[in-house]
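File shown here: my_file.pdb, holding PDB, C-alpha atoms.
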```pdb
ATOM      1  CA  MET A 506       0.000   0.000   0.000
ATOM      2  CA  SER A 507       1.472   3.302  -1.075
ATOM      3  CA  GLY A 508       1.805   6.367   1.081
ATOM      4  CA  VAL A 509      -0.936   8.172  -0.866
ATOM      5  CA  GLN A 510      -3.435   5.409  -0.108
ATOM      6  CA  ILE A 511      -2.518   5.416   3.574
ATOM      7  CA  LEU A 512      -2.931   9.203   3.690
ATOM      8  CA  PHE A 513      -6.307   8.895   1.965
ATOM      9  CA  LEU A 514      -7.512   6.304   4.504
ATOM     10  CA  VAL A 515      -6.322   8.494   7.379
ATOM     11  CA  LEU A 516      -8.203  11.470   5.965
ATOM     12  CA  VAL A 517     -11.384   9.354   5.556
ATOM     13  CA  PHE A 518     -11.038   8.145   9.142
ATOM     14  CA  VAL A 519     -10.568  11.694  10.455
ATOM     15  CA  ALA A 520     -13.531  12.959   8.412
ATOM     16  CA  VAL A 521     -15.822  10.187   9.687
ATOM     17  CA  LEU A 522     -14.643  10.814  13.246
ATOM     18  CA  VAL A 523     -15.328  14.543  12.978
ATOM     19  CA  VAL A 524     -18.823  13.955  11.545
ATOM     20  CA  ALA A 525     -19.620  11.459  14.302
ATOM     21  CA  LEU A 526     -18.415  13.887  16.974
ATOM     22  CA  VAL A 527     -20.517  16.702  15.513
ATOM     23  CA  ILE A 528     -23.628  14.520  15.425
ATOM     24  CA  LEU A 529     -22.971  13.338  18.972
ATOM     25  CA  LEU A 530     -22.513  16.887  20.238
ATOM     26  CA  GLN A 531     -25.710  17.989  18.522
ATOM     27  CA  LEU A 532     -27.926  15.077  19.586
ATOM     28  CA  GLY A 533     -26.307  14.214  22.899
ATOM     29  CA  PRO A 534     -27.625  17.151  24.973
ATOM     30  CA  ARG A 535     -31.171  16.605  23.681
ATOM     31  CA  GLN A 536     -31.116  12.933  24.594
ATOM     32  CA  LEU A 537     -29.575  13.807  27.946
ATOM     33  CA  GLN A 538     -32.297  16.357  28.670
ATOM     34  CA  SER A 539     -35.039  13.917  27.709
ATOM     35  CA  ARG A 540     -33.463  11.250  29.890
ATOM     36  CA  LEU A 541     -33.188  13.668  32.821
ATOM     37  CA  LYS A 542     -36.868  14.557  32.404
ATOM     38  CA  GLN A 543     -37.814  10.881  32.485
ATOM     39  CA  LEU A 544     -35.726  10.358  35.607
ATOM     40  CA  GLU A 545     -37.340  13.403  37.193
ATOM     41  CA  ARG A 546     -40.795  11.997  36.473
ATOM     42  CA  SER A 547     -39.808   8.643  37.939
ATOM     43  CA  GLU A 548     -38.417  10.325  41.065
ATOM     44  CA  VAL A 549     -41.615  12.305  41.502
ATOM     45  CA  SER A 550     -43.709   9.151  41.116
ATOM     46  CA  ASP A 551     -41.487   7.276  43.591
ATOM     47  CA  THR A 552     -42.188   9.899  46.250
ATOM     48  CA  LEU A 553     -45.810   8.744  46.354
ATOM     49  CA  THR A 554     -46.324   6.813  49.588
ATOM     50  CA  GLN A 555     -48.836   4.070  50.348
ATOM     51  CA  SER A 556     -51.459   6.564  51.513
ATOM     52  CA  GLY A 557     -51.000   8.654  48.376
ATOM     53  CA  LYS A 558     -49.294  11.568  50.102
ATOM     54  CA  VAL A 559     -46.765  13.631  48.194
ATOM     55  CA  SER A 560     -43.672  15.055  49.772
ATOM     56  CA  GLU A 561     -44.195  18.751  50.218
ATOM     57  CA  SER A 562     -41.728  21.219  48.826
ATOM     58  CA  LYS A 563     -40.261  24.097  50.779
ATOM     59  CA  TRP A 564     -42.491  26.762  49.322
ATOM     60  CA  THR A 565     -45.567  24.643  49.987
ATOM     61  CA  SER A 566     -44.603  24.302  53.636
ATOM     62  CA  ARG A 567     -44.100  28.068  53.852
ATOM     63  CA  VAL A 568     -47.500  28.735  52.321
ATOM     64  CA  VAL A 569     -49.054  26.274  54.762
ATOM     65  CA  LYS A 570     -47.429  28.037  57.704
ATOM     66  CA  LEU A 571     -48.739  31.399  56.509
ATOM     67  CA  ALA A 572     -52.217  30.027  55.852
ATOM     68  CA  GLU A 573     -52.538  28.097  59.110
ATOM     69  CA  PRO A 574     -53.886  31.033  61.197
ATOM     70  CA  PHE A 575     -56.558  31.744  58.587
ATOM     71  CA  SER A 576     -57.525  28.093  58.179
ATOM     72  CA  ARG A 577     -58.267  27.807  61.892
ATOM     73  CA  LEU A 578     -61.174  30.242  61.491
ATOM     74  CA  SER A 579     -63.123  27.837  59.253
ATOM     75  CA  LEU A 580     -61.461  24.437  59.716
ATOM     76  CA  PRO A 581     -63.708  21.991  61.599
ATOM     77  CA  LYS A 582     -62.418  21.124  65.023
ATOM     78  CA  GLU A 583     -62.636  17.332  64.834
ATOM     79  CA  GLY A 584     -64.158  14.505  62.873
ATOM     80  CA  TRP A 585     -63.597  16.022  59.432
ATOM     81  CA  GLU A 586     -60.979  13.355  58.547
ATOM     82  CA  ASN A 587     -63.761  10.777  58.246
ATOM     83  CA  SER A 588     -66.241  13.165  56.644
ATOM     84  CA  PRO A 589     -67.223  13.287  52.945
ATOM     85  CA  LEU A 590     -64.988  16.334  52.579
ATOM     86  CA  ARG A 591     -61.894  14.210  53.032
ATOM     87  CA  VAL A 592     -63.187  11.819  50.369
ATOM     88  CA  ARG A 593     -63.696  14.762  48.008
ATOM     89  CA  PHE A 594     -60.068  15.781  48.538
ATOM     90  CA  MET A 595     -59.001  12.284  47.525
ATOM     91  CA  HIS A 596     -61.257  12.368  44.473
ATOM     92  CA  ALA A 597     -59.678  15.682  43.452
ATOM     93  CA  GLY A 598     -56.174  14.249  43.824
ATOM     94  CA  TYR A 599     -55.204  16.388  46.829
ATOM     95  CA  ASN A 600     -53.696  13.646  48.964
ATOM     96  CA  PHE A 601     -51.080  15.711  50.770
ATOM     97  CA  SER A 602     -51.623  16.530  54.433
ATOM     98  CA  SER A 603     -51.743  20.310  53.995
ATOM     99  CA  ALA A 604     -54.685  20.287  51.549
ATOM    100  CA  PRO A 605     -57.354  20.973  54.241
ATOM    101  CA  GLU A 606     -55.399  23.916  55.663
ATOM    102  CA  LEU A 607     -54.954  25.469  52.230
ATOM    103  CA  PHE A 608     -58.585  24.862  51.290
ATOM    104  CA  PHE A 609     -60.091  26.425  54.410
ATOM    105  CA  ALA A 610     -57.535  29.237  54.399
ATOM    106  CA  ALA A 611     -58.643  30.088  50.855
ATOM    107  CA  LYS A 612     -62.279  30.093  51.965
ATOM    108  CA  THR A 613     -61.488  32.448  54.867
ATOM    109  CA  LEU A 614     -59.307  34.828  52.859
ATOM    110  CA  LEU A 615     -61.771  35.084  49.973
ATOM    111  CA  ALA A 616     -64.656  35.638  52.389
ATOM    112  CA  LEU A 617     -62.728  38.564  53.908
ATOM    113  CA  ILE A 618     -61.057  40.046  50.830
ATOM    114  CA  LEU A 619     -63.985  40.122  48.396
ATOM    115  CA  PRO A 620     -66.258  42.278  50.646
ATOM    116  CA  PHE A 621     -63.356  44.662  51.221
ATOM    117  CA  LEU A 622     -62.753  44.980  47.474
ATOM    118  CA  ALA A 623     -66.469  45.484  46.783
ATOM    119  CA  VAL A 624     -66.781  48.274  49.360
ATOM    120  CA  LEU A 625     -63.519  49.819  48.140
ATOM    121  CA  TYR A 626     -64.878  49.860  44.586
ATOM    122  CA  LEU A 627     -68.006  51.683  45.738
ATOM    123  CA  VAL A 628     -65.900  54.260  47.543
ATOM    124  CA  VAL A 629     -63.523  54.830  44.608
ATOM    125  CA  SER A 630     -66.339  55.065  42.031
ATOM    126  CA  ASP A 631     -67.903  58.036  43.904
ATOM    127  CA  ALA A 632     -71.164  56.175  44.263
ATOM    128  CA  GLU A 633     -73.564  57.049  47.045
ATOM    129  CA  PRO A 634     -75.167  53.761  48.045
ATOM    130  CA  GLY A 635     -77.179  53.399  51.182
ATOM    131  CA  GLY A 636     -76.100  51.472  54.223
ATOM    132  CA  ASN A 637     -78.407  48.578  53.412
ATOM    133  CA  LEU A 638     -76.958  48.262  49.911
ATOM    134  CA  ILE A 639     -73.401  48.170  51.261
ATOM    135  CA  LEU A 640     -74.381  45.530  53.812
ATOM    136  CA  ILE A 641     -76.120  43.373  51.182
ATOM    137  CA  LEU A 642     -73.188  43.710  48.781
ATOM    138  CA  ALA A 643     -70.717  42.786  51.521
ATOM    139  CA  LEU A 644     -72.749  39.735  52.533
ATOM    140  CA  LEU A 645     -73.157  38.538  48.945
ATOM    141  CA  SER A 646     -69.481  38.976  48.124
ATOM    142  CA  SER A 647     -68.487  37.239  51.362
ATOM    143  CA  ALA A 648     -70.755  34.277  50.579
ATOM    144  CA  LEU A 649     -69.373  34.169  47.045
ATOM    145  CA  GLY A 650     -65.802  34.086  48.314
ATOM    146  CA  TYR A 651     -66.616  31.418  50.868
ATOM    147  CA  PHE A 652     -68.152  29.058  48.303
ATOM    148  CA  MET A 653     -65.708  29.685  45.439
ATOM    149  CA  PRO A 654     -63.214  27.015  46.669
ATOM    150  CA  ASN A 655     -66.098  24.513  46.744
ATOM    151  CA  VAL A 656     -66.865  25.248  43.099
ATOM    152  CA  PHE A 657     -63.193  24.913  42.185
ATOM    153  CA  LEU A 658     -62.994  21.599  44.058
ATOM    154  CA  GLU A 659     -66.065  20.227  42.287
ATOM    155  CA  ARG A 660     -64.703  21.200  38.870
ATOM    156  CA  ARG A 661     -61.377  19.613  39.746
ATOM    157  CA  ILE A 662     -63.121  16.386  40.767
ATOM    158  CA  SER A 663     -65.238  16.241  37.618
ATOM    159  CA  HIS A 664     -62.240  16.939  35.357
ATOM    160  CA  ARG A 665     -60.123  14.276  37.058
ATOM    161  CA  GLN A 666     -62.863  11.659  36.995
ATOM    162  CA  ARG A 667     -63.581  12.444  33.355
ATOM    163  CA  GLU A 668     -59.945  11.897  32.377
ATOM    164  CA  ILE A 669     -59.791   8.619  34.290
ATOM    165  CA  PHE A 670     -63.050   7.435  32.721
ATOM    166  CA  GLU A 671     -61.816   8.188  29.207
ATOM    167  CA  SER A 672     -58.485   6.432  29.801
ATOM    168  CA  ILE A 673     -59.643   3.288  31.589
ATOM    169  CA  PRO A 674     -60.686   1.350  28.399
ATOM    170  CA  ASP A 675     -57.145   1.690  27.024
ATOM    171  CA  ALA A 676     -55.752   0.527  30.366
ATOM    172  CA  LEU A 677     -58.071  -2.488  30.281
ATOM    173  CA  ASP A 678     -56.883  -3.388  26.781
ATOM    174  CA  LEU A 679     -53.267  -3.270  27.954
ATOM    175  CA  THR A 680     -54.147  -5.368  31.000
ATOM    176  CA  THR A 681     -55.863  -7.937  28.787
ATOM    177  CA  VAL A 682     -52.820  -8.177  26.540
ATOM    178  CA  CYS A 683     -50.486  -8.571  29.530
ATOM    179  CA  VAL A 684     -52.676 -11.251  31.141
ATOM    180  CA  GLU A 685     -53.001 -13.197  27.896
ATOM    181  CA  ALA A 686     -49.225 -12.984  27.438
ATOM    182  CA  GLY A 687     -48.744 -14.915  30.675
ATOM    183  CA  LEU A 688     -48.283 -12.228  33.316
ATOM    184  CA  GLY A 689     -50.091 -12.422  36.608
ATOM    185  CA  LEU A 690     -52.649  -9.781  37.484
ATOM    186  CA  ASP A 691     -50.306  -7.988  39.905
ATOM    187  CA  ALA A 692     -47.480  -7.861  37.365
ATOM    188  CA  ALA A 693     -49.937  -6.811  34.654
ATOM    189  CA  LEU A 694     -51.200  -3.910  36.758
ATOM    190  CA  ALA A 695     -47.621  -2.796  37.438
ATOM    191  CA  ARG A 696     -46.787  -2.958  33.718
ATOM    192  CA  VAL A 697     -49.954  -1.100  32.727
ATOM    193  CA  GLY A 698     -49.183   1.581  35.315
ATOM    194  CA  GLU A 699     -45.862   2.230  33.594
ATOM    195  CA  GLU A 700     -47.249   2.258  30.057
ATOM    196  CA  ILE A 701     -50.467   4.198  30.648
ATOM    197  CA  ARG A 702     -48.548   7.245  31.940
ATOM    198  CA  PHE A 703     -48.066   8.413  28.356
ATOM    199  CA  ARG A 704     -51.860   8.363  27.857
ATOM    200  CA  SER A 705     -53.008   9.507  31.296
ATOM    201  CA  PRO A 706     -50.550  10.449  34.062
ATOM    202  CA  LEU A 707     -53.388  10.460  36.612
ATOM    203  CA  LEU A 708     -54.354   6.866  35.920
ATOM    204  CA  GLY A 709     -50.688   5.882  35.851
ATOM    205  CA  ASP A 710     -50.197   7.336  39.335
ATOM    206  CA  GLU A 711     -53.235   5.471  40.624
ATOM    207  CA  PHE A 712     -51.941   2.152  39.277
ATOM    208  CA  HIS A 713     -48.561   2.964  40.764
ATOM    209  CA  LEU A 714     -50.188   3.384  44.169
ATOM    210  CA  VAL A 715     -51.868   0.006  43.747
ATOM    211  CA  ASN A 716     -48.482  -1.522  42.942
ATOM    212  CA  LEU A 717     -46.952   0.090  46.050
ATOM    213  CA  GLU A 718     -49.709  -1.301  48.259
ATOM    214  CA  LEU A 719     -49.154  -4.784  46.831
ATOM    215  CA  ARG A 720     -45.403  -4.494  47.422
ATOM    216  CA  ALA A 721     -46.027  -3.402  50.997
ATOM    217  CA  GLY A 722     -47.851  -6.656  51.675
ATOM    218  CA  GLY A 723     -51.453  -5.592  51.219
ATOM    219  CA  THR A 724     -53.962  -7.901  49.660
ATOM    220  CA  ARG A 725     -55.030  -7.445  46.067
ATOM    221  CA  GLU A 726     -58.661  -6.946  47.033
ATOM    222  CA  ARG A 727     -57.809  -4.201  49.515
ATOM    223  CA  ALA A 728     -55.514  -2.435  47.046
ATOM    224  CA  LEU A 729     -58.163  -2.499  44.316
ATOM    225  CA  ARG A 730     -60.892  -1.280  46.647
ATOM    226  CA  ASN A 731     -58.629   1.565  47.750
ATOM    227  CA  LEU A 732     -58.196   2.429  44.079
ATOM    228  CA  ALA A 733     -61.964   2.682  43.646
ATOM    229  CA  HIS A 734     -62.263   4.701  46.853
ATOM    230  CA  ARG A 735     -59.562   7.190  45.793
ATOM    231  CA  THR A 736     -60.916   7.814  42.305
ATOM    232  CA  GLY A 737     -64.655   7.794  42.987
ATOM    233  CA  VAL A 738     -65.354   6.666  39.410
ATOM    234  CA  GLU A 739     -68.281   4.289  39.094
ATOM    235  CA  GLU A 740     -66.628   2.332  36.290
ATOM    236  CA  ILE A 741     -63.543   1.740  38.467
ATOM    237  CA  GLU A 742     -65.766   0.345  41.224
ATOM    238  CA  THR A 743     -67.392  -1.990  38.703
ATOM    239  CA  LEU A 744     -63.973  -3.081  37.457
ATOM    240  CA  VAL A 745     -62.776  -3.763  41.010
ATOM    241  CA  ALA A 746     -65.860  -5.841  41.762
ATOM    242  CA  LEU A 747     -65.304  -7.762  38.514
ATOM    243  CA  LEU A 748     -61.668  -8.525  39.312
ATOM    244  CA  VAL A 749     -62.468  -9.540  42.894
ATOM    245  CA  GLN A 750     -65.220 -11.899  41.781
ATOM    246  CA  SER A 751     -63.025 -13.360  39.021
ATOM    247  CA  ASP A 752     -60.301 -14.000  41.584
ATOM    248  CA  ARG A 753     -62.710 -15.626  44.030
ATOM    249  CA  PHE A 754     -64.531 -17.892  41.586
ATOM    250  CA  GLY A 755     -61.562 -18.700  39.374
ATOM    251  CA  THR A 756     -63.020 -17.412  36.120
ATOM    252  CA  SER A 757     -60.965 -16.122  33.190
ATOM    253  CA  VAL A 758     -59.637 -12.669  34.033
ATOM    254  CA  ALA A 759     -58.728 -11.898  30.424
ATOM    255  CA  GLU A 760     -62.236 -12.670  29.145
ATOM    256  CA  SER A 761     -63.816 -10.609  31.919
ATOM    257  CA  LEU A 762     -61.521  -7.677  31.152
ATOM    258  CA  ARG A 763     -62.289  -7.893  27.450
ATOM    259  CA  VAL A 764     -66.047  -7.835  28.022
ATOM    260  CA  HIS A 765     -65.782  -4.968  30.506
ATOM    261  CA  SER A 766     -63.528  -3.022  28.154
ATOM    262  CA  GLU A 767     -66.050  -3.328  25.330
ATOM    263  CA  THR A 768     -68.816  -2.202  27.677
ATOM    264  CA  MET A 769     -66.898   0.862  28.791
ATOM    265  CA  ARG A 770     -65.916   1.747  25.244
ATOM    266  CA  SER A 771     -69.569   1.573  24.204
ATOM    267  CA  LYS A 772     -70.521   3.772  27.136
ATOM    268  CA  ARG A 773     -67.846   6.288  26.199
ATOM    269  CA  LYS A 774     -69.150   6.323  22.627
ATOM    270  CA  LEU A 775     -72.722   6.877  23.828
ATOM    271  CA  LEU A 776     -71.621   9.771  26.025
ATOM    272  CA  ALA A 777     -69.821  11.342  23.071
ATOM    273  CA  GLU A 778     -72.938  10.963  20.915
ATOM    274  CA  GLU A 779     -75.049  12.485  23.679
ATOM    275  CA  ALA A 780     -72.710  15.477  23.918
ATOM    276  CA  ALA A 781     -72.854  15.883  20.143
ATOM    277  CA  ALA A 782     -76.667  15.744  20.194
ATOM    278  CA  LYS A 783     -76.776  18.580  22.746
ATOM    279  CA  ILE A 784     -74.838  20.943  20.487
ATOM    280  CA  PRO A 785     -77.850  22.174  18.412
ATOM    281  CA  LEU A 786     -79.791  23.016  21.571
ATOM    282  CA  LYS A 787     -76.827  24.857  23.059
ATOM    283  CA  LEU A 788     -76.364  26.826  19.830
ATOM    284  CA  LEU A 789     -80.049  27.803  19.668
ATOM    285  CA  PHE A 790     -79.927  30.637  22.217
ATOM    286  CA  PRO A 791     -76.766  32.321  20.841
ATOM    287  CA  LEU A 792     -78.279  32.131  17.366
ATOM    288  CA  ILE A 793     -81.568  33.691  18.488
ATOM    289  CA  PHE A 794     -80.156  36.484  20.628
ATOM    290  CA  PHE A 795     -76.884  37.333  18.827
ATOM    291  CA  VAL A 796     -76.627  35.962  15.268
ATOM    292  CA  PHE A 797     -80.174  36.417  13.945
ATOM    293  CA  PRO A 798     -80.482  40.110  14.980
ATOM    294  CA  SER A 799     -77.199  40.852  13.223
ATOM    295  CA  LEU A 800     -78.384  39.054  10.091
ATOM    296  CA  LEU A 801     -81.652  40.977  10.137
ATOM    297  CA  VAL A 802     -79.814  44.273  10.388
ATOM    298  CA  VAL A 803     -77.472  43.354   7.543
ATOM    299  CA  LEU A 804     -80.157  41.910   5.245
ATOM    300  CA  LEU A 805     -83.130  44.181   5.948
ATOM    301  CA  GLY A 806     -81.216  47.360   6.771
ATOM    302  CA  PRO A 807     -80.797  48.534   3.149
ATOM    303  CA  ALA A 808     -84.453  47.732   2.415
ATOM    304  CA  PHE A 809     -85.631  49.813   5.382
ATOM    305  CA  ILE A 810     -83.410  52.680   4.272
ATOM    306  CA  SER A 811     -84.832  52.542   0.720
ATOM    307  CA  ILE A 812     -88.396  52.448   2.057
ATOM    308  CA  TYR A 813     -87.647  55.386   4.322
ATOM    309  CA  ARG A 814     -86.220  57.457   1.474
ATOM    310  CA  THR A 815     -88.996  56.566  -0.985
ATOM    311  CA  LEU A 816     -92.209  56.488   1.019
ATOM    312  CA  LEU A 817     -91.689  59.380   3.383
ATOM    313  CA  PRO A 818     -91.271  62.053   0.669
ATOM    314  CA  THR A 819     -94.307  60.601  -1.112
ATOM    315  CA  LEU A 820     -96.422  60.692   2.033
ATOM    316  CA  GLY A 821     -95.206  64.181   2.812
ATOM    317  CA  ALA A 822     -96.124  65.427  -0.648
ATOM    318  CA  GLY A 823     -99.558  63.785  -0.419
TER     319      GLY A 823
END
```
Can I see the file as structure tokens?
Amino acid sequence: MSGVQILFLVLVFVAVLVVALVILLQLGPRQLQSRLKQLERSEVSDTLTQSGKVSESKWTSRVVKLAEPFSRLSLPKEGWENSPLRVRFMHAGYNFSSAPELFFAAKTLLALILPFLAVLYLVVSDAEPGGNLILILALLSSALGYFMPNVFLERRISHRQREIFESIPDALDLTTVCVEAGLGLDAALARVGEEIRFRSPLLGDEFHLVNLELRAGGTRERALRNLAHRTGVEEIETLVALLVQSDRFGTSVAESLRVHSETMRSKRKLLAEEAAAKIPLKLLFPLIFFVFPSLLVVLLGPAFISIYRTLLPTLGAG
């Protein structure tokens, strides 16, 4: 091999090495960032304990300390841990211990701040309302501020339950595939909890909690019933009852999951069709009160102007 050929091979090697280094430097940081994000998500999910509590950050603890004096004004003294309010917190996904303090502190602060802002607005606007009007406005704004966190909590619950309901058929399909592939139900639930995170992080966290309870030594029935209790979704309760009965009587879990998945998918389709059927009725009132008057003005306006210019001079001359 001549010296020219050796030099040519060295140059080819150097060129390939430089191109590979450039590609690695360009794609490496992106892959590293994506990997760090995945690790961060896994660390956050691992901080979930058996009771579903999340480790509180520093700023959350500071906010809780500041809100604690205000929460004492409206926080029930005792017995609220076993009340329906605690269940509503679980349904909304607020499983950390400081959720009640923040909730009742928000109710107290809004009940005090909104009347102050309403009265301040009346003073700044140079209005001269009577004492009864100020009192009524203060009471209404205080009641509004007190019940606003309840409305927010209800919307949070409905949104969370809706997302879980829409994602559970896909989770059932994955569970059916895992069970038919030879995995046990516990291993299938753990696998589905990892895969369903890309579709629904909420449902993935709930399955992760079930997996943690099973690892801690809890029974499968208790872990599944806790899942139904945390979510508050009727379809989850039906699924739990189905799995418990299949486990007790020794029936085919895969066949039961397939039938239940088809049922839930049909129900989801019917709900979508129902929502689509309500659209014409919801559009009726905006059409009547906003669109039709504008169309009448645009279409009949020139005709009215022509009639006004033609008939009125004629009538005046007559």
Within 12 Å of range 773-779 of chain A using only C-alpha atoms, minus same-chain residues under 5 positions, as an MDAnalysis selection string: chainID A and resid 667:675 740 766:768 784:786
Straight-line distance linking CA of Arg696 in chain A with CA of Leu747 in chain A, stated in Å to one decimal: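 It comes out at 19.7 Å.
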Matched chain/residue IDs from the PyMOL selection byres ((chain A and resi 699-712) around 7), as number ranges by chain: A: 550, 669, 672, 676, 694-698, 713-716, 732
Picked residues, the PyMOL selection byres ((chain A and resi 594) around 10), as a ChimeraX atom specification: /A:589-593,595-601,604-605,608,658-659,661-662,735
Separation of CA of Leu762 in chain A from CA of Thr743 in chain A in Å: 11.1 Å
Selection result for the PyMOL selection byres ((chain A and resi 756-760) around 12) on this file, as a PyMOL selection string: chain A and resi 677-691+693+744-745+747-755+761-767
How big is the axis-aligned box, and where does its centre sit, when it encloses all atoms of range 673-686 of chain A listed in the file and has 4 Å added on every side, reported in Å to one decimal as AutoDock Vina command-line options?
```
--center_x -55.0 --center_y -5.0 --center_z 29.1 --size_x 19.5 --size_y 24.5 --size_z 13.0
```
